[in-house]
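Shown next: work-v1.csv, containing CSV, C-alpha atoms.
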chain,number,residue,atom,x,y,z
A,247,MET,CA,115.7,20.8,185.3
A,248,ARG,CA,116.2,23.4,182.6
A,249,ALA,CA,114.0,26.5,182.3
A,250,GLY,CA,111.0,26.0,180.0
A,251,GLU,CA,111.3,22.2,179.7
A,252,LEU,CA,108.9,19.4,180.6
A,253,PHE,CA,110.7,16.8,182.8
A,254,SER,CA,108.9,13.6,183.6
A,255,LEU,CA,109.6,11.7,186.8
A,256,LEU,CA,108.6,8.1,186.5
A,257,GLY,CA,109.0,5.2,188.9
A,258,THR,CA,107.4,2.3,190.7
A,259,ASN,CA,104.9,2.7,193.5
A,260,GLY,CA,106.8,3.9,196.5
A,261,ALA,CA,109.9,4.9,194.5
A,262,GLY,CA,109.8,8.4,195.9
A,263,LYS,CA,108.2,10.5,193.2
A,264,THR,CA,105.6,12.2,195.4
A,265,THR,CA,108.1,12.7,198.2
A,266,THR,CA,110.4,14.4,195.7
A,267,ILE,CA,107.7,16.7,194.5
A,268,GLU,CA,106.6,17.5,198.0
A,269,THR,CA,110.2,18.4,198.9
A,270,LEU,CA,110.5,20.6,195.8
A,271,GLU,CA,107.2,22.3,196.8
A,272,GLY,CA,108.6,23.1,200.2
A,273,PHE,CA,106.3,20.9,202.3
A,274,ILE,CA,109.1,18.5,203.4
A,275,ARG,CA,112.7,19.4,204.5
A,276,PRO,CA,115.3,17.1,202.8
A,277,THR,CA,117.1,14.7,205.1
A,278,ARG,CA,120.3,15.5,203.3
A,279,GLY,CA,121.5,17.4,200.3
A,280,THR,CA,120.1,20.7,199.0
A,281,VAL,CA,117.0,21.7,197.1
A,282,SER,CA,116.7,24.8,194.9
A,283,VAL,CA,113.7,26.1,193.0
A,284,LEU,CA,114.3,29.3,191.0
A,285,GLY,CA,117.4,29.8,193.1
A,286,VAL,CA,115.5,29.6,196.4
A,287,ASP,CA,115.3,27.0,199.1
A,288,PRO,CA,111.6,26.0,198.9
A,289,TYR,CA,111.2,24.7,202.4
A,290,GLY,CA,108.4,26.6,204.2
A,291,ARG,CA,107.1,28.0,200.9
A,292,PRO,CA,108.6,31.5,201.0
A,293,PRO,CA,106.5,34.3,199.5
A,294,ARG,CA,108.8,34.7,196.6
A,295,LEU,CA,108.2,31.1,195.5
A,296,ARG,CA,104.5,31.0,196.3
A,297,ALA,CA,104.0,33.7,193.7
A,298,GLN,CA,105.9,31.8,191.0
A,299,THR,CA,105.0,28.2,191.5
A,300,ASN,CA,101.9,26.1,191.5
A,301,ALA,CA,100.9,22.4,191.5
A,302,VAL,CA,98.3,19.9,190.6
A,303,LEU,CA,98.4,17.4,193.5
A,304,GLN,CA,97.0,13.9,193.6
A,305,HIS,CA,94.1,15.0,195.8
A,306,SER,CA,92.0,18.1,195.1
A,307,GLY,CA,91.6,20.9,197.5
A,308,THR,CA,88.4,22.4,196.0
A,309,PHE,CA,85.2,23.1,197.8
A,310,PRO,CA,82.5,20.7,196.5
A,311,GLU,CA,79.6,23.1,197.2
A,312,LEU,CA,81.0,26.0,195.1
A,313,LYS,CA,80.3,26.2,191.4
A,314,VAL,CA,83.2,25.8,188.9
A,315,GLY,CA,83.1,29.5,188.0
A,316,GLU,CA,83.1,30.5,191.7
A,317,THR,CA,86.1,28.3,192.3
A,318,LEU,CA,88.1,30.0,189.6
A,319,ASN,CA,87.0,33.4,190.9
A,320,LEU,CA,88.3,32.5,194.4
A,321,ALA,CA,91.6,31.4,193.0
A,322,ARG,CA,91.9,34.6,190.9
A,323,GLY,CA,91.4,36.7,193.9
A,324,LEU,CA,94.4,35.2,195.6
A,325,CYS,CA,97.0,35.9,193.0
A,326,ALA,CA,98.6,39.1,191.6
A,327,ARG,CA,98.3,38.6,187.8
A,328,PRO,CA,95.5,36.1,187.2
A,329,ARG,CA,94.5,34.8,183.8
A,330,ASP,CA,91.1,35.5,182.6
A,331,ARG,CA,88.6,33.1,184.1
A,332,ASP,CA,86.7,32.2,180.9
A,333,GLU,CA,90.0,31.9,179.0
A,334,VAL,CA,91.3,29.3,181.4
A,335,LEU,CA,88.0,27.3,181.5
A,336,LYS,CA,87.9,27.2,177.7
A,337,LYS,CA,91.5,26.0,177.7
A,338,VAL,CA,90.8,23.0,179.9
A,339,GLY,CA,87.4,22.3,178.3
A,340,LEU,CA,85.1,23.3,181.1
A,341,SER,CA,83.4,26.4,179.7
A,342,HIS,CA,80.1,24.5,179.6
A,343,ARG,CA,80.4,23.6,183.3
A,344,THR,CA,80.9,27.1,184.7
A,345,ASP,CA,77.6,27.1,186.7
A,346,VAL,CA,77.8,23.5,187.8
A,347,GLN,CA,78.8,22.6,191.4
A,348,VAL,CA,82.2,21.0,191.8
A,349,ARG,CA,80.6,18.0,193.5
A,350,ALA,CA,78.7,17.2,190.2
A,351,LEU,CA,81.9,17.0,188.1
A,352,SER,CA,83.2,13.7,186.9
A,353,GLY,CA,86.6,12.5,188.2
A,354,GLY,CA,88.3,13.6,184.9
A,355,GLU,CA,86.6,17.0,185.0
A,356,LYS,CA,87.8,17.6,188.6
A,357,ARG,CA,91.3,16.9,187.5
A,358,ARG,CA,90.9,19.5,184.7
A,359,LEU,CA,89.6,21.9,187.2
A,360,ASP,CA,92.7,21.3,189.4
A,361,LEU,CA,94.8,22.1,186.3
A,362,ALA,CA,92.8,25.3,185.6
A,363,LEU,CA,93.4,26.5,189.2
A,364,ALA,CA,97.1,26.0,188.8
A,365,LEU,CA,97.2,27.8,185.4
A,366,VAL,CA,95.2,30.8,186.5
A,367,THR,CA,98.2,32.0,188.6
A,368,ARG,CA,100.6,32.1,185.6
A,369,PRO,CA,103.3,29.9,187.3
A,370,ARG,CA,106.9,29.9,186.2
A,371,VAL,CA,107.3,26.4,187.6
A,372,LEU,CA,104.4,23.9,187.6
A,373,PHE,CA,104.4,20.6,189.5
A,374,LEU,CA,102.0,18.0,188.1
A,375,ASP,CA,101.5,14.8,190.2
A,376,GLU,CA,99.6,12.3,188.0
A,377,PRO,CA,97.4,15.1,186.6
A,378,THR,CA,95.5,12.8,184.0
A,379,THR,CA,94.5,10.0,186.4
A,380,GLY,CA,90.8,9.2,185.9
A,381,MET,CA,90.6,10.9,182.5
A,382,ASP,CA,89.3,9.3,179.4
A,383,ALA,CA,91.4,9.4,176.2
A,384,GLU,CA,89.8,12.6,175.0
A,385,GLY,CA,90.4,14.4,178.3
A,386,ARG,CA,94.0,13.3,178.3
A,387,GLN,CA,94.6,14.5,174.8
A,388,LEU,CA,93.2,17.9,175.8
A,389,VAL,CA,95.5,18.2,178.8
A,390,TRP,CA,98.5,17.2,176.6
A,391,GLN,CA,97.6,20.2,174.3
A,392,VAL,CA,97.3,22.5,177.3
A,393,LEU,CA,100.7,21.5,178.6
A,394,SER,CA,102.2,22.0,175.2
A,395,ASP,CA,100.8,25.5,175.0
A,396,VAL,CA,101.9,26.4,178.6
A,397,ARG,CA,105.5,25.2,177.8
A,398,LYS,CA,105.6,27.6,174.8
A,399,GLU,CA,104.9,30.4,177.2
A,400,GLY,CA,108.1,29.5,179.1
A,401,THR,CA,106.6,27.6,182.1
A,402,THR,CA,108.9,24.8,183.4
A,403,ILE,CA,106.9,21.6,184.2
A,404,LEU,CA,107.8,18.7,186.4
A,405,LEU,CA,105.4,15.8,185.7
A,406,THR,CA,104.9,12.5,187.4
A,407,THR,CA,102.7,9.9,185.6
A,408,HIS,CA,102.0,6.2,185.4
A,409,TYR,CA,101.1,6.6,181.7
A,410,LEU,CA,104.3,5.8,179.9
A,411,GLU,CA,102.9,7.0,176.6
A,412,GLU,CA,102.2,10.3,178.2
A,413,ALA,CA,105.8,10.7,179.4
A,414,GLU,CA,107.2,9.5,176.0
A,415,ARG,CA,105.0,12.0,174.1
A,416,LEU,CA,105.5,15.1,176.3
A,417,SER,CA,108.9,14.9,177.8
A,418,ASP,CA,112.0,16.9,176.9
A,419,ARG,CA,113.8,14.7,179.4
A,420,LEU,CA,112.8,12.1,181.9
A,421,ALA,CA,114.1,10.1,184.8
A,422,ILE,CA,113.0,6.7,186.2
A,423,MET,CA,113.2,6.2,190.0
A,424,HIS,CA,113.3,2.9,191.9
A,425,ALA,CA,113.6,2.5,195.7
A,426,GLY,CA,114.5,6.1,196.3
A,427,ARG,CA,117.2,6.4,193.6
A,428,THR,CA,117.3,7.7,190.1
A,429,ARG,CA,118.3,4.7,187.9
A,430,VAL,CA,118.2,6.4,184.4
A,431,GLU,CA,117.9,9.9,183.1
A,432,GLY,CA,118.0,11.7,179.7
A,433,THR,CA,115.9,12.3,176.7
A,434,VAL,CA,113.6,9.5,175.6
A,435,GLU,CA,116.0,8.6,172.8
A,436,GLU,CA,119.0,8.6,175.2
A,437,VAL,CA,117.1,6.3,177.6
A,438,LEU,CA,115.9,3.9,175.0
A,439,SER,CA,119.3,3.6,173.4
A,440,GLN,CA,120.8,2.1,176.5
A,441,TRP,CA,118.4,-0.8,176.4
A,442,GLY,CA,119.0,-2.3,173.0
A,443,ASP,CA,116.8,-4.0,170.4
A,444,HIS,CA,114.6,-7.0,171.1
A,445,ILE,CA,114.1,-10.2,169.2
A,446,GLU,CA,111.0,-12.1,170.2
A,447,PHE,CA,109.5,-15.4,169.3
A,448,ILE,CA,107.3,-18.2,170.8
A,449,LEU,CA,109.4,-20.9,172.4
A,450,PRO,CA,109.3,-23.9,170.0
A,451,GLU,CA,107.4,-27.0,171.2
A,452,GLY,CA,109.6,-29.6,172.8
A,453,VAL,CA,112.5,-27.1,173.4
A,454,GLU,CA,113.4,-26.4,177.0
A,455,PRO,CA,114.6,-22.8,177.9
A,456,ALA,CA,118.0,-24.2,178.9
A,457,ALA,CA,118.5,-25.4,175.3
A,458,LEU,CA,118.3,-21.8,173.9
A,459,PRO,CA,121.5,-20.7,172.4
A,460,GLN,CA,123.9,-18.2,174.0
A,461,VAL,CA,124.5,-15.5,171.5
A,462,LYS,CA,127.3,-12.9,171.8
A,463,GLY,CA,126.1,-9.4,172.6
A,464,THR,CA,122.7,-10.5,173.9
A,465,SER,CA,120.8,-11.5,177.1
A,466,TRP,CA,117.6,-13.4,177.1
A,467,GLU,CA,114.6,-14.1,179.2
A,468,VAL,CA,111.5,-16.3,178.9
A,469,THR,CA,108.1,-14.8,179.7
A,470,ARG,CA,104.4,-15.8,179.6
A,471,HIS,CA,102.2,-13.7,177.4
A,472,ARG,CA,98.5,-14.6,176.7
A,473,GLY,CA,99.1,-18.3,177.2
A,474,ASP,CA,102.3,-18.4,175.1
A,475,THR,CA,105.8,-19.0,176.3
A,476,ARG,CA,107.8,-16.2,174.7
A,477,VAL,CA,111.5,-15.8,174.4
A,478,VAL,CA,113.0,-12.2,174.3
A,479,TYR,CA,116.6,-11.7,173.3
A,480,THR,CA,117.9,-8.2,174.1
A,481,VAL,CA,120.6,-7.0,171.7
A,482,ARG,CA,123.1,-4.5,173.0
A,483,GLY,CA,125.7,-4.6,170.3
A,484,GLY,CA,128.2,-7.0,168.8
A,485,GLY,CA,131.9,-7.5,168.0
A,486,ASP,CA,134.6,-9.5,169.7
A,487,GLU,CA,136.5,-8.0,172.6
A,488,GLY,CA,139.1,-5.5,171.4
A,489,GLU,CA,137.2,-4.9,168.2
A,490,ILE,CA,134.9,-2.0,167.3
A,491,ALA,CA,131.4,-3.1,168.2
A,492,ALA,CA,129.0,-3.5,165.4
A,493,PRO,CA,126.0,-1.1,165.3
A,494,ARG,CA,123.3,-2.4,167.5
A,495,ARG,CA,120.6,-2.6,164.8
A,496,GLU,CA,123.1,-4.3,162.4
A,497,TRP,CA,124.0,-6.8,165.1
A,498,ALA,CA,120.3,-7.5,165.8
A,499,HIS,CA,119.9,-8.8,162.2
A,500,VAL,CA,123.0,-10.9,162.7
A,501,VAL,CA,121.6,-12.4,165.9
A,502,CYS,CA,118.2,-13.0,164.2
A,503,GLY,CA,120.0,-14.9,161.5
A,504,GLN,CA,121.9,-17.0,164.1
A,505,LEU,CA,118.6,-17.9,165.9
A,506,MET,CA,117.0,-18.9,162.6
A,507,ASN,CA,120.0,-21.2,161.8
A,508,TRP,CA,119.7,-22.7,165.3
A,509,ALA,CA,116.0,-23.4,164.8
A,510,GLU,CA,116.6,-24.9,161.3
A,511,GLU,CA,119.2,-27.3,162.7
A,512,ARG,CA,116.6,-28.5,165.2
A,513,ASP,CA,113.7,-28.5,162.7
A,514,ALA,CA,112.0,-26.0,164.9
A,515,ARG,CA,109.8,-23.0,164.0
A,516,LEU,CA,110.2,-19.6,165.5
A,517,LEU,CA,106.6,-18.5,165.5
A,518,ASN,CA,105.7,-14.8,165.7
A,519,LEU,CA,109.4,-13.8,165.2
A,520,ARG,CA,109.9,-10.0,165.3
A,521,VAL,CA,112.6,-7.5,165.8
A,522,ARG,CA,111.8,-4.2,167.5
A,523,SER,CA,113.4,-1.3,169.4
A,524,ALA,CA,113.2,-1.1,173.1
A,525,SER,CA,110.2,0.8,174.5
A,526,LEU,CA,109.9,2.9,177.5
A,527,GLU,CA,107.8,0.1,179.1
A,528,ASP,CA,110.7,-2.3,178.6
A,529,VAL,CA,113.1,0.1,180.4
A,530,PHE,CA,110.5,0.7,183.2
A,531,LEU,CA,109.8,-3.0,183.8
A,532,GLU,CA,113.5,-3.9,183.8
A,533,ILE,CA,114.3,-1.3,186.4
A,534,ALA,CA,111.2,-2.3,188.4
A,535,ASN,CA,112.4,-5.9,188.4
A,536,GLU,CA,116.0,-5.1,189.5
A,537,GLY,CA,117.2,-7.5,192.1
A,538,GLN,CA,114.7,-10.2,190.9
A,539,SER,CA,115.7,-13.2,188.9
A,540,GLY,CA,114.7,-12.7,185.3
A,541,GLY,CA,116.7,-13.9,182.3
A,542,ARG,CA,120.4,-14.3,181.6

Kindly present the structure from the file in structure tokens form.
Amino acid sequence: MRAGELFSLLGTNGAGKTTTIETLEGFIRPTRGTVSVLGVDPYGRPPRLRAQTNAVLQHSGTFPELKVGETLNLARGLCARPRDRDEVLKKVGLSHRTDVQVRALSGGEKRRLDLALALVTRPRVLFLDEPTTGMDAEGRQLVWQVLSDVRKEGTTILLTTHYLEEAERLSDRLAIMHAGRTRVEGTVEEVLSQWGDHIEFILPEGVEPAALPQVKGTSWEVTRHRGDTRVVYTVRGGGDEGEIAAPRREWAHVVCGQLMNWAEERDARLLNLRVRSASLEDVFLEIANEGQSGGR
């Protein structure tokens, strides 16, 4: 990770995201390879790192009988250069809950309190393990703004999340893990560019999937969506072997024309035909389904 960036670590359940974060935090010794955080081996959480890193974990470590303000006061007393308590509570939208016991907070409010406890220490590196789980849309938007402000202060953030929109909106770079390995990494644009454009339509009545045309520069799959049988062609580029490949978007229009000609020859209709760029969800699902049969 680069200093001052927000890097999102995505992956299927059990892919290794939380294990990776726990290793970077120093709670787990790596079985092989090396780990370095701010130039230091984090295993055992040496004092130098404890003063410069913090985390929002999946499970809160707060005391339910304490009030919100008391909880922040406790955290401030354990760090060298704490932020102002009221400033932090205002930042995470909890100013009106200062005198409320932690046990009385909603799930989303407790996650925002966890974030406040991490921010109060002014960390140079911040680990966020699914920090917006349980939040409503308003709470999530608030946290996104807080993270944007913290990045401007120079804090480096490692984020894990199951909300792909969150990763797509916030990330400078991201990686997608599956079965303990990083399968793709880069900026959002770099990642999406590897997966091509998509041409979708409803499979015409009376047409078997085996009768769909094989089109150069594409692969296709048949899926079920809201009761419809949908065909999705993925376009990765065109041009004969030995020639300069046509730009992907240009080739997508060529492929679309070929499919329409194919349908016209069979007096078939391509209902709900559309051409779109790959989404982060497309990339995630294709990686998650690696090793399973799914298309051609």

Worksheet item: In Å to one decimal, how far is CA of Ser525 in chain A from CA of Thr264 in chain A?
Response: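 Between CA of Thr264 in chain A and CA of Ser525 in chain A the gap is 24.2 Å.
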
Practice prompt. Have a look at A:Ala301, A:Ala383, A:Leu359, A:Ala457 and name the one nearest to Thr406 in chain A; count only C-alpha atoms.
Written response: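 Of A:Ala301, A:Ala383, A:Leu359, A:Ala457, the one nearest Thr406 in chain A, counting only C-alpha atoms, is A:Ala301.
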
Worksheet item: Out of A:Trp441, A:Phe309, A:Trp497, A:Phe253, which residue has the shortest atom-to-atom distance to Leu420 in chain A when counting only C-alpha atoms?
Response: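 Closest residue, counting only C-alpha atoms: A:Phe253.
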
Worksheet item: Which residues come within 9 Å of Arg329 in chain A, counting all atoms listed in the file, excluding same-chain residues fewer than 4 positions away, as a ChimeraX atom specification?
Response: /A:322,333-334,365-368

Worksheet, complete the sentence: CA of Val501 in chain A sits from CA of Arg522 in chain A at a separation of 12.9 Å

Item to complete: Kindly give the distance, in Å, that separates CA of Leu303 in chain A and CA of Leu438 in chain A, rounded to a single decimal.
Response: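 Separation of CA of Leu303 in chain A and CA of Leu438 in chain A: 28.8 Å.
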
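Considering the residues A:Leu255, A:Leu374, A:Leu351, A:Ala421 and counting all atoms listed in the file, His305 in chain A has its shortest atom-to-atom contact with A:Leu374.
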
Worksheet item: Looking at A:Ser394, A:Asn319, A:Gln298, A:Trp466, which one is nearest to Pro369 in chain A, with distances taken over only C-alpha atoms?
Response: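 Closest to Pro369 in chain A of all the choices is A:Gln298.
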
Discussion item. Under the rule that all atoms listed in the file are counted, which of A:Gly285, A:Pro377, A:Gly307, A:Pro292 is the nearest residue to Ala249 in chain A?
Written reply: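 Ranking A:Gly285, A:Pro377, A:Gly307, A:Pro292 by distance to Ala249 in chain A, first place goes to A:Gly285.
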
Discussion item. Ranking A:Lys337, A:Arg512, A:His471, A:Lys356 by minimum distance to Thr378 in chain A and counting all atoms listed in the file, which one comes first?
Written reply: A:Lys356

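All residues of protein, DNA or RNA that reach within 7 Å of Arg476 in chain A, judged by only C-alpha atoms and not counting those fewer than 5 positions away in the chain, are A:Glu446, A:Phe447, A:Ile448, A:Leu449, A:Val468, A:Thr469, A:Arg470, A:His471.
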
Selected residues, C-alpha atoms, written as an mmCIF file, in the coordinates of the input, please.
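Resulting contents of selection-v8.cif:
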data_model
loop_
_atom_site.group_PDB
_atom_site.id
_atom_site.type_symbol
_atom_site.label_atom_id
_atom_site.label_comp_id
_atom_site.auth_asym_id
_atom_site.auth_seq_id
_atom_site.Cartn_x
_atom_site.Cartn_y
_atom_site.Cartn_z
ATOM 1 C CA GLU A 446 111.000 -12.100 170.200
ATOM 2 C CA PHE A 447 109.500 -15.400 169.300
ATOM 3 C CA ILE A 448 107.300 -18.200 170.800
ATOM 4 C CA LEU A 449 109.400 -20.900 172.400
ATOM 5 C CA VAL A 468 111.500 -16.300 178.900
ATOM 6 C CA THR A 469 108.100 -14.800 179.700
ATOM 7 C CA ARG A 470 104.400 -15.800 179.600
ATOM 8 C CA HIS A 471 102.200 -13.700 177.400
#

Please give the centre and size of the box around range 307-311 of chain A (axis-aligned, containing every atom listed in the file, 3 Å added per side), with values in Å to one decimal and written as lines of an AutoDock Vina configuration file.
center_x = 85.6
center_y = 21.9
center_z = 196.9
size_x = 18.0
size_y = 8.4
size_z = 7.8

Item to complete: Determine, counting all atoms listed in the file, which protein, DNA and RNA residues have an atom within 12 Å of an atom of Arg248 in chain A; residues of the same chain fewer than 6 positions away are not included. Present the result as an MDAnalysis selection string.
Response: chainID A and resid 283:284 370:371 397 400:404 418:420

Item to complete: Excluding Thr317 in chain A and any residue of its chain fewer than 2 positions from it, enumerate the residues within 10 Å of it, using only C-alpha atoms, and give them as a ChimeraX atom specification.
Response: /A:308-315,319-322,331,344,347-348,359,362-363

List as a CSV table (one decimal) with C-alpha atoms, in the frame of the given file the protein and nucleic acid residues near Glu268 in chain A, meaning an atom at most 12 Å away when only C-alpha atoms are counted, but skip any in the same chain fewer than 5 places from it.
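Produced file result20.csv, reproduced below:
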chain,number,residue,atom,x,y,z
A,262,GLY,CA,109.8,8.4,195.9
A,263,LYS,CA,108.2,10.5,193.2
A,273,PHE,CA,106.3,20.9,202.3
A,274,ILE,CA,109.1,18.5,203.4
A,275,ARG,CA,112.7,19.4,204.5
A,276,PRO,CA,115.3,17.1,202.8
A,281,VAL,CA,117.0,21.7,197.1
A,288,PRO,CA,111.6,26.0,198.9
A,289,TYR,CA,111.2,24.7,202.4
A,290,GLY,CA,108.4,26.6,204.2
A,291,ARG,CA,107.1,28.0,200.9
A,300,ASN,CA,101.9,26.1,191.5
A,301,ALA,CA,100.9,22.4,191.5
A,302,VAL,CA,98.3,19.9,190.6
A,303,LEU,CA,98.4,17.4,193.5
A,304,GLN,CA,97.0,13.9,193.6
A,373,PHE,CA,104.4,20.6,189.5
A,374,LEU,CA,102.0,18.0,188.1
A,375,ASP,CA,101.5,14.8,190.2
A,404,LEU,CA,107.8,18.7,186.4
A,406,THR,CA,104.9,12.5,187.4
